[in-house]
file final07.pdb (PDB, C-alpha atoms)
ATOM      1  CA  THR A  20       0.000   0.000   0.000
ATOM      2  CA  VAL A  21       0.954   3.656  -0.220
ATOM      3  CA  GLU A  22       1.326   3.862   3.591
ATOM      4  CA  ILE A  23       3.822   0.969   3.710
ATOM      5  CA  GLU A  24       5.921   2.300   0.841
ATOM      6  CA  LYS A  25       5.979   5.851   2.253
ATOM      7  CA  LEU A  26       7.090   4.543   5.660
ATOM      8  CA  ARG A  27       9.659   2.210   4.103
ATOM      9  CA  GLN A  28      11.148   4.995   1.985
ATOM     10  CA  GLU A  29      11.297   7.584   4.779
ATOM     11  CA  LEU A  30      12.730   5.192   7.394
ATOM     12  CA  GLN A  31      15.270   3.670   5.005
ATOM     13  CA  THR A  32      16.398   7.172   4.028
ATOM     14  CA  ALA A  33      16.672   8.226   7.716
ATOM     15  CA  SER A  34      18.673   5.104   8.650
ATOM     16  CA  LYS A  35      20.838   4.911   5.497
ATOM     17  CA  GLY A  36      24.450   4.278   6.391
ATOM     18  CA  LEU A  37      23.747   4.023  10.125
ATOM     19  CA  LEU A  38      24.899   1.044  12.179
ATOM     20  CA  MET A  39      23.660   0.187  15.660
ATOM     21  CA  LEU A  40      26.886   0.234  17.646
ATOM     22  CA  SER A  41      27.399  -2.583  20.140
ATOM     23  CA  GLU A  42      29.836  -5.485  20.264
ATOM     24  CA  THR A  43      28.781  -6.009  16.663
ATOM     25  CA  ASP A  44      27.685  -3.178  14.374
ATOM     26  CA  ALA A  45      24.362  -4.013  12.766
ATOM     27  CA  PRO A  46      22.420  -2.198  10.035
ATOM     28  CA  PHE A  47      18.766  -1.184  10.353
ATOM     29  CA  GLU A  48      16.085  -2.849   8.252
ATOM     30  CA  PHE A  49      12.481  -1.844   7.696
ATOM     31  CA  PHE A  50       9.793  -3.693   9.684
ATOM     32  CA  TYR A  51       6.034  -3.743   9.091
ATOM     33  CA  HIS A  52       3.300  -5.888  10.660
ATOM     34  CA  GLN A  53      -0.426  -5.683   9.982
ATOM     35  CA  PRO A  54      -2.122  -7.209  13.047
ATOM     36  CA  ILE A  55      -4.833  -9.799  12.593
ATOM     37  CA  SER A  56      -8.228  -8.680  13.871
ATOM     38  CA  ASN A  57      -8.047  -9.844  17.506
ATOM     39  CA  GLU A  58      -4.263  -9.675  17.975
ATOM     40  CA  GLN A  59      -3.359  -7.852  21.188
ATOM     41  CA  PHE A  60      -0.156  -5.828  21.225
ATOM     42  CA  ASN A  61       2.342  -6.045  24.066
ATOM     43  CA  PRO A  62       6.109  -6.601  24.351
ATOM     44  CA  ASP A  63       5.651 -10.402  24.154
ATOM     45  CA  THR A  64       3.917  -9.911  20.793
ATOM     46  CA  VAL A  65       7.117  -8.378  19.399
ATOM     47  CA  ALA A  66       9.105 -11.445  20.538
ATOM     48  CA  LEU A  67       6.604 -13.721  18.775
ATOM     49  CA  TRP A  68       6.871 -11.631  15.575
ATOM     50  CA  ASP A  69      10.624 -12.238  15.775
ATOM     51  CA  GLY A  70      10.075 -16.010  16.015
ATOM     52  CA  GLN A  71      11.056 -16.218  19.692
ATOM     53  CA  GLU A  72       9.412 -18.298  22.429
ATOM     54  CA  SER A  73       6.634 -16.524  24.324
ATOM     55  CA  GLU A  74       8.699 -16.623  27.567
ATOM     56  CA  THR A  75      11.614 -14.729  25.987
ATOM     57  CA  PRO A  76      12.355 -11.596  28.046
ATOM     58  CA  VAL A  77      11.608  -8.295  26.292
ATOM     59  CA  GLU A  78      12.925  -4.985  27.590
ATOM     60  CA  THR A  79      10.904  -1.952  26.514
ATOM     61  CA  LEU A  80      12.656   1.421  26.367
ATOM     62  CA  PRO A  81      11.725   4.902  25.173
ATOM     63  CA  ILE A  82      13.318   5.549  21.768
ATOM     64  CA  ASP A  83      15.368   8.471  23.125
ATOM     65  CA  LYS A  84      16.803   6.334  25.946
ATOM     66  CA  PHE A  85      17.700   3.491  23.573
ATOM     67  CA  LEU A  86      19.412   5.839  21.082
ATOM     68  CA  PHE A  87      20.985   8.096  23.745
ATOM     69  CA  ARG A  88      24.518   6.674  23.454
ATOM     70  CA  MET A  89      24.426   6.971  19.635
ATOM     71  CA  GLN A  90      23.391  10.627  19.890
ATOM     72  CA  HIS A  91      25.981  11.671  22.468
ATOM     73  CA  PRO A  92      29.530  10.861  21.334
ATOM     74  CA  PRO A  93      32.302  11.170  23.936
ATOM     75  CA  SER A  94      33.720  14.658  24.431
ATOM     76  CA  GLY A  95      36.512  15.280  21.995
ATOM     77  CA  ALA A  96      34.876  13.086  19.348
ATOM     78  CA  ASP A  97      35.883  13.799  15.764
ATOM     79  CA  ALA A  98      33.652  15.479  13.179
ATOM     80  CA  GLN A  99      32.575  12.121  11.754
ATOM     81  CA  ALA A 100      31.338  10.919  15.170
ATOM     82  CA  ARG A 101      29.475  14.196  15.704
ATOM     83  CA  ALA A 102      27.870  13.934  12.244
ATOM     84  CA  LEU A 103      26.830  10.355  13.025
ATOM     85  CA  ALA A 104      25.271  11.499  16.316
ATOM     86  CA  GLU A 105      23.285  14.114  14.386
ATOM     87  CA  GLN A 106      22.057  11.421  11.974
ATOM     88  CA  PHE A 107      20.813   9.352  14.931
ATOM     89  CA  LYS A 108      18.940  12.404  16.255
ATOM     90  CA  LEU A 109      17.287  12.820  12.844
ATOM     91  CA  LEU A 110      16.380   9.113  12.844
ATOM     92  CA  GLN A 111      14.724   9.465  16.256
ATOM     93  CA  ASP A 112      12.826  12.542  15.054
ATOM     94  CA  LYS A 113      11.614  10.644  11.963
ATOM     95  CA  LEU A 114      10.397   7.662  14.033
ATOM     96  CA  GLN A 115       8.536  10.032  16.361
ATOM     97  CA  GLU A 116       7.075  11.967  13.430
ATOM     98  CA  LEU A 117       5.803   8.928  11.494
ATOM     99  CA  LEU A 118       4.722   6.576  14.296
ATOM    100  CA  GLN A 119       2.463   6.770  17.330
ATOM    101  CA  GLU A 120       4.176   5.896  20.620
ATOM    102  CA  PRO A 121       7.402   4.495  19.138
ATOM    103  CA  LYS A 122       9.461   2.425  21.550
ATOM    104  CA  ALA A 123      12.501   0.144  21.473
ATOM    105  CA  TYR A 124      11.909  -3.544  22.222
ATOM    106  CA  LYS A 125      15.083  -5.519  23.073
ATOM    107  CA  ILE A 126      14.411  -9.249  22.825
ATOM    108  CA  GLY A 127      16.329 -11.871  24.772
ATOM    109  CA  GLN A 128      19.840 -11.571  26.174
ATOM    110  CA  VAL A 129      23.366 -11.161  24.713
ATOM    111  CA  ASN A 130      22.577 -11.308  20.934
ATOM    112  CA  MET A 131      19.333  -9.307  20.906
ATOM    113  CA  PRO A 132      17.050  -8.351  18.050
ATOM    114  CA  VAL A 133      15.783  -4.813  18.672
ATOM    115  CA  TYR A 134      12.625  -3.369  17.148
ATOM    116  CA  LEU A 135      12.171   0.421  17.038
ATOM    117  CA  ILE A 136       8.479   0.416  16.264
ATOM    118  CA  GLY A 137       5.228   2.241  16.810
ATOM    119  CA  ARG A 138       1.677   2.273  15.494
ATOM    120  CA  THR A 139       0.817   3.661  12.077
ATOM    121  CA  GLU A 140      -2.275   5.703  11.236
ATOM    122  CA  SER A 141      -3.951   2.537   9.896
ATOM    123  CA  GLY A 142      -3.282   0.570  13.113
ATOM    124  CA  ALA A 143      -0.378  -1.510  11.793
ATOM    125  CA  TYR A 144       3.054  -1.616  13.453
ATOM    126  CA  ALA A 145       6.126  -0.360  11.646
ATOM    127  CA  GLY A 146       9.636   0.878  12.195
ATOM    128  CA  LEU A 147      13.124  -0.525  12.086
ATOM    129  CA  LYS A 148      14.789  -3.709  13.262
ATOM    130  CA  THR A 149      18.444  -4.112  14.227
ATOM    131  CA  VAL A 150      20.595  -6.257  16.515
ATOM    132  CA  VAL A 151      22.674  -5.428  19.571
ATOM    133  CA  VAL A 152      25.179  -7.693  21.279
ATOM    134  CA  GLU A 153      25.780  -7.139  24.990
ATOM    135  CA  THR A 154      27.945  -9.570  26.948
TER     136      THR A 154
END

call {"tool": "encode", "arguments": {"input": "final07.pdb", "output": "structure tokens"}}
result
Amino acid sequence: TVEIEKLRQELQTASKGLLMLSETDAPFEFFYHQPISNEQFNPDTVALWDGQESETPVETLPIDKFLFRMQHPPSGADAQARALAEQFKLLQDKLQELLQEPKAYKIGQVNMPVYLIGRTESGAYAGLKTVVVET
């Protein structure tokens, strides 16, 4: 649909060239899910969408808290790091502009899929997916 393609284009443009920095640097990919009629949304739902077991722990964070480290390079950072931080701020702004109540959902432990998603005007869920590794 037009909504999906508009979201895909805007989010891919906002995340182009960005990597989620952790013990591995992972790209962002577009995510979209149209719920079935009686599907309830909660953090466990996101784990199921990712193919995880229903008991898999899911940590929910505000988008700004999840992206905080990416947006605040250490003092004395070079121009490239500062430019990257600015790109992450623009990405956060775009997620907040296009989606209702966007949040970060970290699934599991150590090697964690992360969904930066919110609700669309039509009631679907969309955003970006990446991976973080924390040992």

call {"tool": "closest_residue", "arguments": {"input": "final07.pdb", "among": "A:Gln111, A:Asn57, A:Gln71, A:Thr149", "to": "Asp83 of chain A", "atoms": "all atoms listed in the file"}}
result
A:Gln111

call {"tool": "resolve_selection", "arguments": {"input": "final07.pdb", "expression": "the PyMOL selection byres ((chain A and resi 41-46) around 9)", "output": "number ranges by chain"}}
result
A: 34-40, 47-48, 148-154

call {"tool": "resolve_selection", "arguments": {"input": "final07.pdb", "expression": "the PyMOL selection byres ((chain A and resi 121-131) around 7)", "output": "ChimeraX atom specification"}}
result
/A:62,66,75-82,85,114-115,118-120,132-137,150-154

call {"tool": "atom_distance", "arguments": {"input": "final07.pdb", "atom1": "atom CA of Glu22 of chain A", "atom2": "atom CA of Gln106 of chain A"}}
result
23.6 Å

call {"tool": "atom_distance", "arguments": {"input": "final07.pdb", "atom1": "atom CA of Gly146 of chain A", "atom2": "atom CA of Leu30 of chain A"}}
result
7.2 Å

call {"tool": "atom_distance", "arguments": {"input": "final07.pdb", "atom1": "atom CA of Trp68 of chain A", "atom2": "atom CA of Thr32 of chain A"}}
result
24.0 Å

call {"tool": "residues_around", "arguments": {"input": "final07.pdb", "residues": "Lys108 of chain A", "least_positions_apart": "2", "cutoff": "9 Å", "atoms": "only C-alpha atoms", "output": "PyMOL selection string"}}
result
chain A and resi 83+86-87+89-90+103-106+110-113

call {"tool": "residues_near_point", "arguments": {"input": "final07.pdb", "point": "(2.3, -8.7, 6.3)", "cutoff": "12 Å", "atoms": "only C-alpha atoms", "output": "MDAnalysis selection string"}}
result
chainID A and resid 20 23 50:55 68 143:145

call {"tool": "axis_aligned_box", "arguments": {"input": "final07.pdb", "around": "segment 57-76 of chain A", "padding_each_side": "6 Å", "output": "JSON"}}
result
{"center_x": 2.2, "center_y": -12.1, "center_z": 21.8, "size_x": 32.4, "size_y": 24.5, "size_z": 24.5}

call {"tool": "closest_residue", "arguments": {"input": "final07.pdb", "among": "A:Ala96, A:Leu26, A:Val65, A:Leu117", "to": "Phe49 of chain A", "atoms": "all atoms listed in the file"}}
result
A:Leu26
